[in-house]
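One file, data.txt, is given below (compact mmCIF, C-alpha atoms).
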# COMPACT_ATOMS: atom_id res chain seq x y z
CA MET A 1 15.91 -2.10 41.59
CA HIS A 2 18.89 -4.24 40.63
CA PHE A 3 18.63 -6.02 43.99
CA ILE A 4 14.92 -6.75 43.39
CA SER A 5 15.71 -7.95 39.88
CA ASP A 6 18.30 -10.37 41.30
CA ILE A 7 15.79 -11.74 43.81
CA ILE A 8 13.18 -12.33 41.08
CA SER A 9 15.80 -13.98 38.89
CA GLN A 10 16.71 -16.31 41.75
CA LEU A 11 13.04 -17.11 42.29
CA PHE A 12 12.68 -18.18 38.66
CA GLN A 13 15.78 -20.37 38.98
CA TRP A 14 14.25 -21.87 42.10
CA ILE A 15 10.97 -22.55 40.24
CA GLN A 16 12.89 -24.23 37.42
CA SER A 17 14.88 -26.40 39.83
CA LEU A 18 11.69 -27.62 41.54
CA GLY A 19 9.74 -28.15 38.30
CA TYR A 20 6.04 -28.74 38.93
CA PHE A 21 6.33 -28.00 42.64
CA GLY A 22 8.17 -24.79 41.80
CA ILE A 23 5.16 -23.57 39.81
CA MET A 24 2.81 -24.54 42.62
CA LEU A 25 4.90 -22.85 45.32
CA GLY A 26 5.52 -19.81 43.13
CA LEU A 27 1.78 -19.28 42.90
CA MET A 28 1.21 -19.98 46.58
CA ILE A 29 3.64 -17.37 47.87
CA GLU A 30 2.34 -14.75 45.37
CA VAL A 31 5.58 -12.78 45.20
CA ILE A 32 5.29 -12.75 41.39
CA PRO A 33 1.93 -12.28 39.57
CA SER A 34 0.25 -15.60 38.74
CA GLU A 35 0.23 -15.00 34.99
CA ILE A 36 4.01 -14.51 35.00
CA VAL A 37 4.63 -17.70 36.99
CA LEU A 38 2.32 -19.66 34.70
CA ALA A 39 3.94 -18.23 31.58
CA TYR A 40 7.33 -19.23 32.92
CA GLY A 41 5.87 -22.69 33.46
CA GLY A 42 4.91 -22.67 29.79
CA PHE A 43 8.47 -21.75 28.89
CA LEU A 44 9.70 -24.72 30.93
CA VAL A 45 7.31 -26.90 28.93
CA SER A 46 8.72 -25.57 25.64
CA SER A 47 12.26 -26.24 26.84
CA GLY A 48 11.40 -29.83 27.80
CA HIS A 49 11.80 -29.52 31.58
CA ILE A 50 8.17 -30.42 32.32
CA ASN A 51 5.01 -31.32 30.38
CA PHE A 52 1.96 -29.18 29.67
CA VAL A 53 -0.60 -31.16 31.65
CA GLY A 54 1.60 -31.24 34.75
CA ALA A 55 2.29 -27.49 34.52
CA VAL A 56 -1.43 -26.69 34.29
CA LEU A 57 -2.37 -29.15 37.06
CA PHE A 58 0.17 -27.80 39.55
CA GLY A 59 -0.71 -24.27 38.48
CA ILE A 60 -4.33 -24.93 39.39
CA ILE A 61 -3.39 -26.46 42.74
CA GLY A 62 -1.06 -23.58 43.62
CA GLY A 63 -3.59 -20.96 42.55
CA VAL A 64 -6.40 -22.50 44.59
CA ILE A 65 -4.24 -22.88 47.70
CA ALA A 66 -3.10 -19.25 47.39
CA GLN A 67 -6.71 -18.04 47.30
CA LEU A 68 -7.72 -20.40 50.08
CA PHE A 69 -4.98 -18.86 52.22
CA VAL A 70 -6.45 -15.39 51.64
CA TYR A 71 -9.93 -16.78 52.38
CA TRP A 72 -8.79 -18.13 55.76
CA ILE A 73 -7.13 -14.82 56.64
CA GLY A 74 -10.40 -13.06 55.88
CA ARG A 75 -12.39 -15.62 57.85
CA TYR A 76 -10.25 -15.63 60.99
CA GLY A 77 -8.34 -12.36 60.83
CA GLY A 78 -10.92 -10.08 59.27
CA ARG A 79 -10.42 -6.84 57.42
CA PRO A 80 -8.10 -5.18 60.00
CA VAL A 81 -5.48 -7.91 59.57
CA LEU A 82 -5.67 -7.73 55.78
CA GLU A 83 -5.44 -3.94 55.74
CA LYS A 84 -2.31 -4.16 57.86
CA TYR A 85 -0.54 -7.11 56.24
CA GLY A 86 -2.23 -7.46 52.85
CA LYS A 87 0.45 -5.35 51.15
CA TYR A 88 2.85 -8.28 51.55
CA ILE A 89 0.69 -10.30 49.14
CA PHE A 90 -0.05 -7.27 46.94
CA ILE A 91 -3.53 -6.64 48.33
CA HIS A 92 -4.22 -3.05 49.37
CA LYS A 93 -7.18 -1.25 50.92
CA LYS A 94 -8.64 -0.17 47.54
CA HIS A 95 -8.61 -3.81 46.39
CA ILE A 96 -10.49 -4.86 49.52
CA ASP A 97 -13.03 -2.04 49.02
CA TYR A 98 -13.70 -3.09 45.41
CA ALA A 99 -13.95 -6.77 46.33
CA GLU A 100 -16.36 -6.16 49.20
CA ALA A 101 -18.58 -3.99 47.00
CA TRP A 102 -18.73 -6.71 44.32
CA PHE A 103 -19.36 -9.47 46.82
CA THR A 104 -22.11 -7.51 48.57
CA LYS A 105 -23.82 -6.69 45.27
CA TYR A 106 -23.55 -10.03 43.47
CA GLY A 107 -23.19 -12.64 46.21
CA THR A 108 -21.09 -15.81 46.32
CA GLY A 109 -21.35 -16.48 42.57
CA VAL A 110 -18.99 -13.57 41.96
CA ILE A 111 -16.15 -15.75 43.24
CA PHE A 112 -16.01 -17.31 39.77
CA THR A 113 -16.52 -14.29 37.52
CA ALA A 114 -14.40 -11.87 39.54
CA ARG A 115 -11.30 -14.01 38.93
CA PHE A 116 -11.17 -12.50 35.45
CA ILE A 117 -11.74 -8.88 36.50
CA PRO A 118 -8.75 -6.58 37.14
CA VAL A 119 -8.40 -5.11 40.65
CA VAL A 120 -10.90 -7.44 42.34
CA ARG A 121 -9.41 -10.67 40.95
CA HIS A 122 -6.95 -11.26 43.79
CA ALA A 123 -8.97 -9.68 46.58
CA ILE A 124 -12.36 -11.33 46.07
CA SER A 125 -11.41 -14.15 48.47
CA ILE A 126 -11.34 -11.63 51.34
CA PRO A 127 -15.08 -10.88 51.64
CA ALA A 128 -15.77 -14.57 51.00
CA GLY A 129 -13.77 -15.38 54.12
CA ILE A 130 -15.17 -12.52 56.18
CA SER A 131 -18.74 -13.58 55.34
CA LYS A 132 -17.82 -17.21 56.19
CA MET A 133 -18.89 -18.46 52.77
CA ASN A 134 -19.07 -22.27 52.60
CA VAL A 135 -15.47 -23.31 52.03
CA TRP A 136 -16.28 -26.14 49.62
CA ARG A 137 -18.38 -23.85 47.43
CA PHE A 138 -15.53 -21.35 47.54
CA ILE A 139 -13.01 -24.01 46.46
CA LEU A 140 -15.27 -25.22 43.65
CA LEU A 141 -15.89 -21.78 42.14
CA THR A 142 -12.25 -20.78 42.55
CA THR A 143 -11.04 -23.96 40.86
CA LEU A 144 -13.46 -23.54 37.94
CA ALA A 145 -12.09 -20.05 37.34
CA ILE A 146 -8.42 -20.93 37.77
CA ILE A 147 -8.54 -23.85 35.28
CA PRO A 148 -8.94 -21.71 32.12
CA TRP A 149 -6.62 -19.02 33.52
CA SER A 150 -3.85 -21.56 34.11
CA MET A 151 -4.33 -23.24 30.73
CA LEU A 152 -4.20 -19.91 28.90
CA PHE A 153 -0.99 -18.60 30.44
CA VAL A 154 0.88 -21.90 30.39
CA TYR A 155 -0.05 -22.20 26.71
CA LEU A 156 1.06 -18.63 25.95
CA GLY A 157 4.35 -19.21 27.76
CA TYR A 158 4.82 -22.38 25.72
CA VAL A 159 4.13 -20.56 22.43
CA LEU A 160 6.39 -17.63 23.31
CA GLY A 161 9.28 -19.80 24.47
CA ASP A 162 12.30 -17.60 25.19
CA GLN A 163 10.05 -14.55 24.82
CA TRP A 164 7.75 -15.64 27.67
CA GLU A 165 8.40 -12.37 29.55
CA HIS A 166 6.23 -10.59 26.94
CA VAL A 167 3.20 -12.65 27.90
CA ASP A 168 1.16 -9.57 28.89
CA GLU A 169 1.30 -8.28 25.30
CA LYS A 170 0.39 -11.69 23.87
CA ALA A 171 -2.40 -12.21 26.39
CA ALA A 172 -4.24 -8.97 25.65
CA PRO A 173 -6.31 -10.32 22.69
CA TYR A 174 -7.35 -13.31 24.83
CA ILE A 175 -8.13 -11.43 28.05
CA THR A 176 -10.66 -9.10 26.45
CA PRO A 177 -13.09 -11.85 25.31
CA ILE A 178 -12.57 -13.73 28.58
CA LEU A 179 -13.41 -10.56 30.46
CA LEU A 180 -16.56 -10.04 28.38
CA ILE A 181 -17.65 -13.65 28.92
CA ALA A 182 -17.05 -13.29 32.67
CA LEU A 183 -19.13 -10.11 32.78
CA ALA A 184 -21.89 -11.79 30.75
CA LEU A 185 -21.92 -14.73 33.18
CA LEU A 186 -22.06 -12.30 36.09
CA ILE A 187 -25.09 -10.56 34.58
CA VAL A 188 -26.82 -13.90 33.91
CA TYR A 189 -26.12 -15.02 37.47
CA PHE A 190 -27.43 -11.73 38.86
CA VAL A 191 -30.64 -11.94 36.77
CA ILE A 192 -31.27 -15.56 37.85
CA LYS A 193 -30.71 -14.56 41.46
CA MET A 194 -33.22 -11.70 41.16
CA VAL A 195 -35.82 -13.99 39.57
CA LYS A 196 -35.38 -16.58 42.33
CA ASN A 197 -35.66 -13.94 45.05
CA ARG A 198 -38.88 -12.58 43.53
CA SER A 199 -40.38 -16.07 43.18
CA ARG A 200 -39.59 -16.78 46.82
CA LYS A 201 -41.26 -13.57 47.89
CA GLY A 202 -44.25 -14.43 45.74
CA THR A 203 -44.73 -17.80 47.46
CA LYS A 204 -44.76 -16.28 50.92

Let me see the structure of the file written as structure tokens.
Amino acid sequence: MHFISDIISQLFQWIQSLGYFGIMLGLMIEVIPSEIVLAYGGFLVSSGHINFVGAVLFGIIGGVIAQLFVYWIGRYGGRPVLEKYGKYIFIHKKHIDYAEAWFTKYGTGVIFTARFIPVVRHAISIPAGISKMNVWRFILLTTLAIIPWSMLFVYLGYVLGDQWEHVDEKAAPYITPILLIALALLIVYFVIKMVKNRSRKGTK
């Protein structure tokens, strides 16, 4: 455990030394959860190393690229590759199962809302890739979801300052309403989709 702790500590030093690009790369390699990397970015803002807008911008870029990477693995490697190697990016079989079930039930629109749902948040890019979802639509929905996520955790890291490591506790009151809004949007999307499908059937 001490060895792992040393590696993580070195990663944070590396992120600090690279500034904006450190945040982007930290999110791309997904060794540390995105909210922790973003919160650390907020801490760097509070300490004057970088500015808020830059931290959020590079956080968005890194987050989108990370999900695009998973999308391409799903598209060209399929489920077998992800089941075998997904553990290296913290994606396991149960995550894939949940994500596929959500994607099958709700369609491509779930790419946005699922970003705020535990368990499926990181794995939802997999069925999008496997189903060969339009890549530009995927990027758009992913970006729209990652923007508020990045802003929230960079801001919380900024507010917490030296206490940025406690971001999970501070984030809890914010995550609950975000989760409810995401679920509400998912329901609205699902209802609209049902209405459109029925109207199409009615015109045939």

Can you work out the spacing between CA of Arg75 in chain A and CA of Ile130 in chain A in Å, to one decimal?
4.5 Å

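Considering the residues A:Thr108, A:Arg79, A:Ile91, A:Phe58 and counting all atoms listed in the file, Val31 in chain A has its shortest atom-to-atom contact with A:Ile91.
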
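Our summary of the geometry notes that CA of Lys132 in chain A is positioned 16.1 Å from CA of Ala101 in chain A.
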
Box dimensions and centre (Å, one decimal) enclosing range 148-165 of chain A, axis-aligned, 5 Å extra per side, as AutoDock Vina command-line options:
--center_x 1.7 --center_y -17.8 --center_z 28.3 --size_x 31.2 --size_y 20.9 --size_z 21.7

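Proximity ranking of A:Glu35, A:Phe52, A:Phe103, A:Gly77 relative to Gly19 in chain A places A:Phe52 first, based on only C-alpha atoms.
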